[in-house]
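Enquirer: Next comes my_file-v4.txt, compact mmCIF, C-alpha atoms:
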# COMPACT_ATOMS: atom_id res chain seq x y z
CA MET A 1 98.88 162.82 130.30
CA SER A 2 101.56 165.19 128.96
CA LEU A 3 100.01 168.17 130.79
CA ASN A 4 99.99 166.19 134.05
CA THR A 5 103.61 165.22 133.47
CA ILE A 6 104.89 168.78 133.09
CA ALA A 7 102.69 170.06 135.93
CA ILE A 8 104.23 167.43 138.23
CA ASN A 9 107.82 167.72 137.04
CA ILE A 10 108.38 171.35 136.04
CA GLN A 11 108.68 173.75 138.93
CA GLY A 12 109.07 177.48 138.37
CA ILE A 13 110.36 178.61 134.97
CA SER A 14 112.01 176.36 132.36
CA GLN A 15 113.29 176.45 128.83
CA LYS A 16 111.21 175.33 125.87
CA GLU A 17 113.18 172.15 125.30
CA GLN A 18 112.35 170.81 128.74
CA PHE A 19 108.62 171.17 127.98
CA LEU A 20 109.05 169.49 124.59
CA ASN A 21 110.99 166.58 126.09
CA TYR A 22 108.03 165.74 128.34
CA PHE A 23 105.54 166.20 125.52
CA ARG A 24 107.54 163.83 123.28
CA VAL A 25 106.91 160.98 125.69
CA TYR A 26 103.31 161.00 124.42
CA LEU A 27 103.49 162.91 121.11
CA ASN A 28 105.68 163.06 118.04
CA THR A 29 107.92 166.12 117.54
CA CYS A 30 105.45 168.06 115.36
CA GLU A 31 102.54 167.39 117.73
CA ALA A 32 104.66 168.42 120.72
CA GLU A 33 105.66 171.69 119.07
CA LYS A 34 102.06 172.43 118.09
CA LEU A 35 100.75 171.77 121.59
CA PHE A 36 103.44 173.99 123.09
CA LEU A 37 102.50 176.91 120.83
CA GLU A 38 98.79 176.42 121.51
CA LEU A 39 99.37 176.54 125.27
CA ILE A 40 101.27 179.81 124.88
CA HIS A 41 98.54 181.24 122.67
CA GLU A 42 95.88 180.31 125.23
CA GLY A 43 97.90 181.87 128.03
CA LEU A 44 98.36 178.52 129.76
CA ILE A 45 102.13 178.83 129.43
CA GLN A 46 103.59 182.29 129.94
CA GLN A 47 106.78 183.41 128.21
CA SER A 48 109.41 185.64 129.84
CA ILE A 49 113.04 186.57 129.32
CA GLN A 50 115.83 185.77 131.71
CA TYR A 51 119.04 187.74 131.16
CA GLU A 52 122.35 188.10 132.94
CA CYS A 53 123.69 191.42 134.16
CA TYR A 54 126.54 191.90 136.63
CA ASP A 55 126.67 188.11 137.22
CA GLU A 56 123.04 187.97 138.30
CA PHE A 57 119.90 186.84 136.45
CA HIS A 58 116.94 189.14 136.01
CA SER A 59 113.55 188.97 134.32
CA ALA A 60 112.24 191.04 131.41
CA ILE A 61 109.20 191.16 129.15
CA VAL A 62 110.65 192.40 125.84
CA LEU A 63 114.17 192.44 124.45
CA GLN A 64 114.02 196.08 123.38
CA GLU A 65 113.57 197.50 126.87
CA ASN A 66 116.51 198.89 128.82
CA CYS A 67 118.12 197.06 131.68
CA LYS A 68 117.53 199.03 134.87
CA TYR A 69 120.96 198.03 136.15
CA CYS A 70 123.24 198.94 133.25
CA ARG A 71 120.81 200.82 130.95
CA LYS A 72 121.75 198.71 127.93
CA LYS A 73 119.11 196.96 125.84
CA ILE A 74 118.10 193.53 127.15
CA GLU A 75 118.98 192.04 123.77
CA GLU A 76 122.59 193.16 124.27
CA HIS A 77 122.90 190.80 127.25
CA GLU A 78 123.15 187.05 127.33
CA TYR A 79 119.50 186.06 127.60
CA TYR A 80 117.17 183.06 127.49
CA ASN A 81 113.53 182.62 126.56
CA MET A 82 111.88 181.01 129.56
CA PHE A 83 108.40 179.65 130.15
CA GLU A 84 106.18 179.23 133.20
CA ILE A 85 103.14 176.98 133.67
CA LYS A 86 99.93 178.88 134.35
CA PHE A 87 97.40 176.04 134.15
CA LYS A 88 98.15 174.00 137.28
CA GLU A 89 95.08 175.05 139.25
CA ALA A 90 92.80 174.51 136.24
CA LEU A 91 94.38 171.10 135.62
CA ARG A 92 93.95 170.08 139.25
CA ASN A 93 90.28 171.09 139.16
CA TYR A 94 89.80 169.14 135.92
CA ASN A 95 91.44 166.04 137.39
CA MET A 96 89.31 166.22 140.52
CA LYS A 97 86.22 166.55 138.33
CA LEU A 98 87.25 163.35 136.56
CA MET A 99 87.84 161.66 139.91
CA ASN A 100 84.33 162.55 141.06
CA SER A 101 82.76 161.33 137.81
CA TYR A 102 84.69 158.04 137.69
CA PHE A 103 84.21 156.99 141.33
CA LYS A 104 81.46 157.08 143.94
CA SER A 105 81.59 159.58 146.78
CA GLY A 106 84.23 158.73 149.37
CA SER A 107 86.36 156.70 146.97
CA ASP A 108 88.74 159.63 146.46
CA ILE A 109 89.71 159.49 150.15
CA VAL A 110 90.45 155.77 149.89
CA ILE A 111 92.41 156.27 146.65
CA ARG A 112 94.67 158.85 148.31
CA ASP A 113 95.15 156.57 151.30
CA LEU A 114 96.05 153.74 148.93
CA ARG A 115 98.53 155.94 147.06
CA ASN A 116 100.27 156.80 150.34
CA ASN A 117 100.62 153.10 151.13
CA MET A 118 101.51 151.66 147.71
CA HIS A 119 104.98 150.71 148.95
CA ARG A 120 103.37 147.93 151.01
CA VAL A 121 100.49 146.93 148.74
CA ILE A 122 100.36 143.92 146.40
CA PRO A 123 97.89 143.75 143.47
CA PHE A 124 95.59 140.72 143.69
CA VAL A 125 94.08 140.16 140.24
CA GLY A 126 90.78 138.42 139.48
CA ALA A 127 88.85 137.39 136.38
CA GLY A 128 87.26 140.82 135.87
CA ILE A 129 90.61 142.20 134.69
CA SER A 130 90.84 139.57 131.92
CA LYS A 131 87.15 139.93 131.02
CA ALA A 132 87.77 143.03 128.92
CA LEU A 133 90.22 141.02 126.82
CA GLY A 134 87.59 138.45 125.91
CA PHE A 135 88.21 135.90 128.66
CA PRO A 136 85.24 134.48 130.59
CA LEU A 137 84.58 135.17 134.23
CA TRP A 138 85.06 132.30 136.68
CA LYS A 139 81.49 130.97 136.54
CA GLU A 140 81.24 131.59 132.79
CA LEU A 141 84.05 129.10 132.16
CA PHE A 142 81.62 126.25 132.82
CA LEU A 143 78.92 127.53 130.49
CA TYR A 144 81.08 126.08 127.71
CA ALA A 145 80.02 122.59 128.85
CA ARG A 146 76.31 123.26 128.32
CA ASP A 147 76.30 122.43 124.60
CA ASP A 148 77.12 118.79 125.32
CA ILE A 149 74.59 118.30 128.11
CA PRO A 150 71.69 116.05 126.96
CA GLU A 151 68.55 118.11 126.47
CA LYS A 152 66.64 116.48 129.31
CA TYR A 153 69.32 117.63 131.78
CA VAL A 154 69.83 121.16 130.47
CA ALA A 155 67.29 122.59 132.92
CA VAL A 156 69.24 121.05 135.80
CA PHE A 157 72.45 122.57 134.47
CA ASP A 158 70.80 125.98 134.06
CA LYS A 159 69.50 125.91 137.62
CA ARG A 160 72.93 125.03 138.99
CA TYR A 161 74.49 127.77 136.87
CA GLU A 162 71.97 130.34 138.08
CA ASP A 163 72.58 129.36 141.70
CA GLY A 164 76.27 130.01 141.19
CA GLU A 165 77.51 127.17 143.39
CA ILE A 166 80.51 126.08 141.35
CA ASP A 167 81.05 122.72 143.03
CA LYS A 168 77.47 121.64 142.32
CA LEU A 169 77.73 122.95 138.77
CA ILE A 170 80.85 120.85 138.23
CA GLU A 171 79.09 117.80 139.68
CA CYS A 172 76.33 118.37 137.15
CA ILE A 173 78.84 118.52 134.27
CA LEU A 174 80.63 115.39 135.42
CA GLU A 175 77.34 113.52 135.77
CA PHE A 176 75.56 114.61 132.59
CA ASN A 177 78.17 115.66 130.03
CA PRO A 178 79.28 112.44 128.28
CA LEU A 179 82.59 113.99 127.15
CA ILE A 180 83.72 114.97 130.65
CA GLN A 181 84.59 111.98 132.80
CA ASP A 182 86.81 113.57 135.43
CA GLU A 183 88.49 116.81 136.49
CA LYS A 184 91.33 116.24 134.03
CA ASP A 185 88.78 116.32 131.19
CA LEU A 186 87.18 119.39 132.74
CA LYS A 187 90.48 121.25 132.70
CA SER A 188 91.70 120.14 129.29
CA ARG A 189 88.40 120.12 127.33
CA ILE A 190 86.35 122.86 129.01
CA ILE A 191 88.69 125.36 130.66
CA LYS A 192 91.86 125.27 128.56
CA PRO A 193 90.27 126.07 125.15
CA GLN A 194 88.81 129.26 126.62
CA ILE A 195 91.97 130.37 128.40
CA VAL A 196 94.71 129.77 125.85
CA LYS A 197 94.81 132.97 123.82
CA LYS A 198 97.65 134.88 122.20
CA LEU A 199 96.99 138.59 122.60
CA THR A 200 98.03 141.00 119.87
CA ASN A 201 100.25 143.95 120.72
CA GLU A 202 97.30 146.24 120.02
CA GLU A 203 95.06 144.33 122.43
CA ILE A 204 97.67 144.66 125.16
CA ASP A 205 98.31 148.35 124.47
CA ASN A 206 94.58 149.09 124.58
CA SER A 207 94.06 147.20 127.84
CA ILE A 208 94.75 148.24 131.43
CA LEU A 209 97.47 145.61 131.82
CA PRO A 210 100.40 147.98 131.08
CA ASN A 211 99.05 150.42 133.68
CA LEU A 212 98.61 147.62 136.21
CA LEU A 213 102.19 146.39 135.75
CA SER A 214 103.45 149.97 135.99
CA LEU A 215 102.41 149.93 139.67
CA ASP A 216 105.79 148.19 140.02
CA ALA A 217 104.79 145.98 142.94
CA GLU A 218 107.28 143.45 144.29
CA TYR A 219 105.00 140.70 142.99
CA ILE A 220 101.47 140.21 141.68
CA LEU A 221 99.00 137.61 142.92
CA THR A 222 96.23 136.29 140.70
CA THR A 223 93.55 133.63 140.83
CA ASN A 224 93.39 133.63 137.00
CA TYR A 225 94.63 130.69 134.97
CA ASP A 226 95.49 132.78 131.89
CA ASN A 227 98.90 134.29 131.13
CA THR A 228 97.78 137.77 130.07
CA LEU A 229 100.00 139.42 132.69
CA GLU A 230 102.99 137.49 131.38
CA GLN A 231 102.20 138.43 127.78
CA CYS A 232 102.01 142.10 128.74
CA ASN A 233 105.26 141.89 130.67
CA LYS A 234 107.00 140.32 127.68
CA LEU A 235 105.88 143.19 125.46
CA LYS A 236 106.49 146.03 127.92
CA GLY A 237 109.50 144.73 129.85
CA ASN A 238 108.25 145.46 133.37
CA GLY A 239 110.59 142.92 134.93
CA TYR A 240 108.14 140.17 135.95
CA GLU A 241 110.19 137.40 134.38
CA ILE A 242 109.18 134.64 136.82
CA THR A 243 105.82 132.85 136.93
CA ASN A 244 105.00 130.69 139.91
CA ASN A 245 102.25 128.43 141.18
CA ILE A 246 102.17 126.22 144.25
CA LEU A 247 103.54 123.19 142.38
CA ASN A 248 106.57 124.83 140.74
CA PHE A 249 107.44 127.21 143.58
CA GLU A 250 111.07 126.75 144.65
CA GLY A 251 111.22 128.98 147.71
CA PHE A 252 111.24 132.66 148.62
CA GLU A 253 115.03 132.60 148.94
CA ASN A 254 115.23 132.21 145.15
CA LEU A 255 113.12 135.35 144.58
CA VAL A 256 115.20 137.93 146.46
CA ASN A 257 115.24 141.21 144.49
CA GLN A 258 113.18 139.62 141.72
CA LYS A 259 109.68 140.54 140.59
CA TYR A 260 107.27 137.71 139.89
CA ILE A 261 103.68 136.71 139.17
CA PHE A 262 102.10 134.05 141.38
CA HIS A 263 99.03 132.10 140.21
CA LEU A 264 97.40 131.05 143.48
CA HIS A 265 94.92 128.76 141.71
CA GLY A 266 97.42 127.44 139.20
CA ASP A 267 97.97 128.37 135.57
CA ILE A 268 97.10 126.98 132.19
CA SER A 269 100.67 125.90 131.40
CA GLN A 270 100.45 123.28 134.16
CA LEU A 271 96.99 121.70 134.33
CA ASP A 272 97.80 119.77 137.51
CA SER A 273 98.36 123.07 139.30
CA MET A 274 94.85 124.35 138.57
CA ILE A 275 92.46 124.59 141.52
CA VAL A 276 88.91 124.14 140.25
CA THR A 277 86.83 122.81 143.12
CA THR A 278 86.71 123.53 146.84
CA GLU A 279 88.11 120.02 147.31
CA ASP A 280 91.08 120.94 145.11
CA TYR A 281 91.75 124.00 147.23
CA GLU A 282 91.45 122.16 150.53
CA ARG A 283 93.59 119.26 149.29
CA LEU A 284 96.36 121.54 148.06
CA TYR A 285 96.46 123.83 151.07
CA SER A 286 96.05 121.07 153.62
CA LYS A 287 99.76 120.44 153.13
CA GLU A 288 101.88 122.36 155.61
CA LYS A 289 104.44 123.37 152.98
CA ASN A 290 101.76 124.91 150.77
CA ARG A 291 100.12 126.72 153.67
CA ARG A 292 103.47 128.31 154.52
CA ILE A 293 103.82 129.51 150.93
CA LEU A 294 100.34 131.02 150.97
CA THR A 295 100.97 132.68 154.34
CA GLY A 296 104.29 134.05 153.07
CA LEU A 297 102.55 135.63 150.10
CA ILE A 298 99.67 137.34 151.87
CA SER A 299 100.67 137.92 155.48
CA LYS A 300 103.21 140.76 155.12
CA TYR A 301 101.41 143.12 152.76
CA SER A 302 98.06 144.75 152.21
CA MET A 303 96.16 143.52 149.17
CA LEU A 304 94.63 145.55 146.34
CA PHE A 305 91.82 143.36 144.97
CA LEU A 306 91.09 143.99 141.29
CA GLY A 307 88.50 142.28 139.10
CA PHE A 308 86.56 140.49 141.83
CA SER A 309 82.86 140.58 142.66
CA MET A 310 81.45 140.57 146.17
CA SER A 311 78.52 138.54 144.85
CA ASP A 312 80.97 135.68 144.28
CA SER A 313 80.62 133.55 147.42
CA TYR A 314 83.78 131.61 146.54
CA PHE A 315 85.83 134.81 146.53
CA SER A 316 84.14 136.11 149.67
CA LYS A 317 85.40 133.07 151.59
CA GLU A 318 88.90 133.58 150.21
CA LEU A 319 88.79 137.28 151.11
CA LYS A 320 87.90 136.36 154.68
CA SER A 321 90.86 133.98 154.86
CA ILE A 322 93.28 136.54 153.47
CA SER A 323 92.04 139.34 155.71
CA ASP A 324 92.47 137.10 158.75
CA SER A 325 96.02 136.20 157.65
CA ASN A 326 97.27 139.75 157.14
CA SER A 327 95.12 141.57 159.69
CA GLY A 328 98.18 142.91 161.45
CA TYR A 329 99.62 144.52 158.35
CA GLY A 330 97.19 147.31 157.62
CA THR A 331 94.21 147.81 155.39
CA ASN A 332 93.25 145.81 152.33
CA TYR A 333 91.72 147.63 149.38
CA MET A 334 89.18 146.50 146.82
CA VAL A 335 87.99 148.03 143.56
CA LEU A 336 84.29 147.45 142.90
CA ILE A 337 82.25 148.26 139.81
CA ASP A 338 78.97 149.96 140.70
CA GLY A 339 79.19 148.24 144.06
CA ASP A 340 76.20 147.83 146.32
CA THR A 341 76.58 149.84 149.50
CA SER A 342 74.82 147.31 151.72
CA THR A 343 77.06 144.52 150.44
CA GLU A 344 80.11 146.66 151.13
CA LYS A 345 78.94 147.33 154.68
CA LYS A 346 78.44 143.64 155.34
CA VAL A 347 81.96 142.79 154.13
CA LEU A 348 83.49 145.78 155.87
CA ASP A 349 82.08 144.66 159.21
CA SER A 350 83.98 141.38 159.05
CA ASN A 351 87.13 142.28 157.10
CA ASN A 352 89.64 145.10 157.13
CA VAL A 353 88.76 146.30 153.61
CA LYS A 354 88.34 149.77 152.15
CA PHE A 355 86.45 150.17 148.89
CA ILE A 356 87.11 152.12 145.72
CA ASN A 357 83.83 152.14 143.84
CA ILE A 358 83.95 152.69 140.07
CA VAL A 359 80.93 154.30 138.43
CA THR A 360 80.10 153.07 134.92
CA ASP A 361 77.99 154.65 132.22
CA SER A 362 75.84 151.53 132.15
CA LYS A 363 73.56 150.20 134.85
CA ASN A 364 74.36 146.72 133.62
CA GLU A 365 76.22 145.03 136.46
CA ASP A 366 77.97 142.76 133.95
CA SER A 367 79.52 145.76 132.18
CA PHE A 368 83.30 145.65 132.36
CA ASP A 369 83.97 148.59 130.04
CA VAL A 370 85.79 150.51 132.74
CA LYS A 371 89.19 150.88 131.10
CA THR A 372 89.20 154.67 131.40
CA GLN A 373 88.43 154.56 135.12
CA TYR A 374 91.06 151.92 135.81
CA LYS A 375 93.71 153.79 133.83
CA PHE A 376 92.96 156.98 135.76
CA LEU A 377 93.22 155.04 139.03
CA PHE A 378 96.55 153.40 138.17
CA ASN A 379 98.03 156.67 136.89
CA PHE A 380 96.91 158.40 140.08
CA LEU A 381 98.50 155.69 142.22
CA CYS A 382 101.75 156.03 140.24
CA GLY A 383 101.77 159.79 140.86
CA ASN A 384 101.03 160.66 137.23
CA ILE A 385 97.88 162.71 137.92
CA PHE A 386 98.41 166.26 139.16
CA ASP A 387 96.25 167.01 142.20
CA LYS A 388 98.15 169.52 144.32
CA SER A 389 96.67 172.89 145.19
CA VAL A 390 98.68 175.78 143.78
With the file now loaded, output its structure as structure tokens.

Expert:
Amino acid sequence: MSLNTIAINIQGISQKEQFLNYFRVYLNTCEAEKLFLELIHEGLIQQSIQYECYDEFHSAIVLQENCKYCRKKIEEHEYYNMFEIKFKEALRNYNMKLMNSYFKSGSDIVIRDLRNNMHRVIPFVGAGISKALGFPLWKELFLYARDDIPEKYVAVFDKRYEDGEIDKLIECILEFNPLIQDEKDLKSRIIKPQIVKKLTNEEIDNSILPNLLSLDAEYILTTNYDNTLEQCNKLKGNGYEITNNILNFEGFENLVNQKYIFHLHGDISQLDSMIVTTEDYERLYSKEKNRRILTGLISKYSMLFLGFSMSDSYFSKELKSISDSNSGYGTNYMVLIDGDTSTEKKVLDSNNVKFINIVTDSKNEDSFDVKTQYKFLFNFLCGNIFDKSV
């Protein structure tokens, strides 16, 4: 990233210390000095001399040559060693090669469009983002209940799980798992033990969460119950000091000039706020006050959907609702992992969504080892990847 930083920020010629200051953001002093010397040796940074003569600055190659204006040696003037970047075009080509290897054809156009509109885009975070940190996906949460299903009903549970209809899967758990009598048990005994997790600083640093928060959006929406975003914010100090859900929300007037995280389906710190079934969702948002809150959150901005799967019918319905609500406010964007083109086309026909399609090394559709691709994407959106033609 240090090469991108100086390519973006250093224009023309600069002194050595300016280069080192940018390098030190990512490297210690010795490493920064070593990199600087290597770049000079490879001809990627070119050294020159700037000297003053008759109140004007001029360029020279060596100190021992004579000034063509006063005929004195250059070294007899006030002079500075200056340096100029010579690797910008090569860096741009390298970055574009990475872009083409990380994302399917056409995604680069959408990524640039998204970058141009980031001032009016809100990240909408799904379970796929937490998956890499060891949290289960939405459907996987309920697999935890299988161990306590009597053997003669396990096949029924497995069929419901395979079908992916969450409401029917929950009905199966409530009917056959003797430890789960109601939704309160489901939340406290099945969901909560899998969601409550204290991340280490190393886990946070190695995740994409710091890059996601660095997008610096006004607020972040999530359907996740976990507090990984809050834990990252506490460590990195990105300014998202307020956590909201529908039950504890106190009004938009209290959030002026404040960044916040909103858990649309509730969060683990308040079990009553958690939306688990379709009935929960309909019951909560049947109230006029709650519908106004939801509309206020999604109607004025475009959404950037992260960590969702188009094979999730539950999410597809929610996407349709959101797209209808903010259809007058521009395009929504969605990051897919090895997305299926036909599925994209079907969604695109009914919703104002543009796709960024990540390519993984694995053909396994359950692979979520896409940290490198996500980090590249977020850095590009933040303007940290050099891509200008020289």

Enquirer: If the box runs along x, y and z of the file and leaves 4 Å on each side of segment 292-307 of chain A, what are its centre and edge lengths in Å, one decimal, as lines of an AutoDock Vina configuration file?

Expert:
center_x = 96.4
center_y = 136.9
center_z = 147.3
size_x = 23.8
size_y = 25.2
size_z = 24.4

Enquirer: Between atom CA of Ile6 of chain A and atom CA of Cys30 of chain A, what is the distance in Å, rounded to a tenth?

Expert: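 Interatomic distance here is 17.8 Å.
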
Enquirer: At a cut-off of 9 Å, using all atoms listed in the file, what residues contact segment 275-291 of chain A? Leave out same-chain residues fewer than 2 positions from it and give the result as a list in words.

Expert: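 Listed by chain and then number, they are Ile166, Asp167, Ile170, Glu183, Lys187, Ile246, Leu247, Leu264, His265, Gly266, Asp267, Leu271, Asp272, Ser273, Ile293, Leu294, Thr295, Gly296 and Tyr314 of chain A.
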
Enquirer: Generate the output file for the selected residues, C-alpha atoms, as a PDB file, in the coordinates of the input.

Expert:
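Result file out27.pdb:
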ATOM      1  CA  ILE A 166      80.510 126.080 141.350  1.00  0.00           C
ATOM      2  CA  ASP A 167      81.050 122.720 143.030  1.00  0.00           C
ATOM      3  CA  ILE A 170      80.850 120.850 138.230  1.00  0.00           C
ATOM      4  CA  GLU A 183      88.490 116.810 136.490  1.00  0.00           C
ATOM      5  CA  LYS A 187      90.480 121.250 132.700  1.00  0.00           C
ATOM      6  CA  ILE A 246     102.170 126.220 144.250  1.00  0.00           C
ATOM      7  CA  LEU A 247     103.540 123.190 142.380  1.00  0.00           C
ATOM      8  CA  LEU A 264      97.400 131.050 143.480  1.00  0.00           C
ATOM      9  CA  HIS A 265      94.920 128.760 141.710  1.00  0.00           C
ATOM     10  CA  GLY A 266      97.420 127.440 139.200  1.00  0.00           C
ATOM     11  CA  ASP A 267      97.970 128.370 135.570  1.00  0.00           C
ATOM     12  CA  LEU A 271      96.990 121.700 134.330  1.00  0.00           C
ATOM     13  CA  ASP A 272      97.800 119.770 137.510  1.00  0.00           C
ATOM     14  CA  SER A 273      98.360 123.070 139.300  1.00  0.00           C
ATOM     15  CA  ILE A 293     103.820 129.510 150.930  1.00  0.00           C
ATOM     16  CA  LEU A 294     100.340 131.020 150.970  1.00  0.00           C
ATOM     17  CA  THR A 295     100.970 132.680 154.340  1.00  0.00           C
ATOM     18  CA  GLY A 296     104.290 134.050 153.070  1.00  0.00           C
ATOM     19  CA  TYR A 314      83.780 131.610 146.540  1.00  0.00           C
TER      20      TYR A 314
END

Enquirer: I'd like the contact shell of Tyr260 of chain A - 9 Å cut-off, all atoms listed in the file, skipping same-chain residues fewer than 2 positions apart - returned as a PDB file with C-alpha atoms, keeping the file's coordinate frame.

Expert:
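Writing done, so here's around_36.pdb:
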ATOM      1  CA  GLU A 218     107.280 143.450 144.290  1.00  0.00           C
ATOM      2  CA  TYR A 219     105.000 140.700 142.990  1.00  0.00           C
ATOM      3  CA  ILE A 220     101.470 140.210 141.680  1.00  0.00           C
ATOM      4  CA  LEU A 221      99.000 137.610 142.920  1.00  0.00           C
ATOM      5  CA  GLY A 239     110.590 142.920 134.930  1.00  0.00           C
ATOM      6  CA  TYR A 240     108.140 140.170 135.950  1.00  0.00           C
ATOM      7  CA  GLU A 241     110.190 137.400 134.380  1.00  0.00           C
ATOM      8  CA  ILE A 242     109.180 134.640 136.820  1.00  0.00           C
ATOM      9  CA  THR A 243     105.820 132.850 136.930  1.00  0.00           C
ATOM     10  CA  ASN A 244     105.000 130.690 139.910  1.00  0.00           C
ATOM     11  CA  LEU A 255     113.120 135.350 144.580  1.00  0.00           C
ATOM     12  CA  GLN A 258     113.180 139.620 141.720  1.00  0.00           C
ATOM     13  CA  PHE A 262     102.100 134.050 141.380  1.00  0.00           C
TER      14      PHE A 262
END

Enquirer: Considering only C-alpha atoms, state which residue in the set A:Asn9, A:Thr331, A:Asn116, A:Thr228 is at the smallest distance from Asn384 of chain A.

Expert: A:Asn9

Enquirer: For segment 197-204 of chain A, find every residue with an atom within 12 Å (counting all atoms listed in the file), except residues of its own chain fewer than 3 positions away, and show them as a ChimeraX atom specification.

Expert: /A:130,132-136,191-194,207-213,225-236,268-269

Enquirer: Could you check which of A:Leu169, A:Lys16, A:Cys70, A:Arg24 is closest to Met1 of chain A, using only C-alpha atoms?

Expert: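 Checking each candidate against Met1 of chain A, we get A:Arg24 as the closest.
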
Enquirer: Please provide the set of residues having any atom within 8 Å of segment 145-152 of chain A, restricted to all atoms listed in the file, with same-chain residues fewer than 3 positions apart removed, written as a CSV table (one decimal) with C-alpha atoms, keeping the file's coordinate frame.

Expert:
chain,number,residue,atom,x,y,z
A,142,PHE,CA,81.6,126.2,132.8
A,155,ALA,CA,67.3,122.6,132.9
A,157,PHE,CA,72.4,122.6,134.5
A,173,ILE,CA,78.8,118.5,134.3
A,176,PHE,CA,75.6,114.6,132.6
A,177,ASN,CA,78.2,115.7,130.0
A,178,PRO,CA,79.3,112.4,128.3
A,179,LEU,CA,82.6,114.0,127.2
A,190,ILE,CA,86.4,122.9,129.0

Enquirer: Have a look at atom CA of Phe305 of chain A and atom CA of Tyr333 of chain A and let me know their distance in Å, one decimal.

Expert: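 Going from atom CA of Phe305 of chain A over to atom CA of Tyr333 of chain A covers 6.1 Å.
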
Enquirer: Just the number, please: distance in Å from atom CA of Cys382 of chain A to atom CA of Thr223 of chain A, one decimal.

Expert: 23.9 Å

Enquirer: Find the residues with any atom within 10 Å of (80.4, 156.0, 140.6); use only C-alpha atoms and the coordinates as given in the file, and write the answer as an NGL selection string.

Expert: :A and (99-107 or 336-339 or 356-361 or 373)

Enquirer: Determine the nearest neighbour of Phe380 of chain A from the options A:Asn332, A:Ser188, A:Ser214, A:Gln15, counting only C-alpha atoms.

Expert: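 Of A:Asn332, A:Ser188, A:Ser214, A:Gln15, the one nearest Phe380 of chain A is A:Ser214, counting only C-alpha atoms.
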
Enquirer: For segment 74-84 of chain A, supply N, CA, C and O atoms and format the output as a CSV table (one decimal), keeping the file's coordinate frame.

Expert:
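What landed in selection_18.csv:
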chain,number,residue,atom,x,y,z
A,74,ILE,N,118.1,194.9,126.7
A,74,ILE,CA,118.1,193.5,127.2
A,74,ILE,C,118.7,192.6,126.1
A,74,ILE,O,119.5,191.7,126.5
A,75,GLU,N,118.5,192.9,124.8
A,75,GLU,CA,119.0,192.0,123.8
A,75,GLU,C,120.5,192.1,123.7
A,75,GLU,O,121.1,191.3,122.9
A,76,GLU,N,121.1,193.1,124.3
A,76,GLU,CA,122.6,193.2,124.3
A,76,GLU,C,123.2,192.3,125.4
A,76,GLU,O,124.4,192.2,125.4
A,77,HIS,N,122.4,191.7,126.2
A,77,HIS,CA,122.9,190.8,127.2
A,77,HIS,C,122.8,189.3,126.8
A,77,HIS,O,122.2,189.0,125.8
A,78,GLU,N,123.4,188.5,127.5
A,78,GLU,CA,123.2,187.0,127.3
A,78,GLU,C,121.8,186.8,127.9
A,78,GLU,O,121.6,187.0,129.1
A,79,TYR,N,120.9,186.2,127.1
A,79,TYR,CA,119.5,186.1,127.6
A,79,TYR,C,118.9,184.7,127.1
A,79,TYR,O,119.4,184.1,126.2
A,80,TYR,N,117.8,184.3,127.8
A,80,TYR,CA,117.2,183.1,127.5
A,80,TYR,C,115.7,183.3,127.5
A,80,TYR,O,115.1,184.0,128.3
A,81,ASN,N,115.0,182.6,126.5
A,81,ASN,CA,113.5,182.6,126.6
A,81,ASN,C,113.1,181.5,127.5
A,81,ASN,O,113.5,180.4,127.4
A,82,MET,N,112.3,181.9,128.5
A,82,MET,CA,111.9,181.0,129.6
A,82,MET,C,110.4,181.0,129.6
A,82,MET,O,109.7,181.9,129.1
A,83,PHE,N,109.8,179.9,130.2
A,83,PHE,CA,108.4,179.6,130.2
A,83,PHE,C,107.9,179.1,131.5
A,83,PHE,O,108.6,178.4,132.2
A,84,GLU,N,106.7,179.6,131.9
A,84,GLU,CA,106.2,179.2,133.2
A,84,GLU,C,104.8,178.7,133.0
A,84,GLU,O,104.0,179.2,132.3
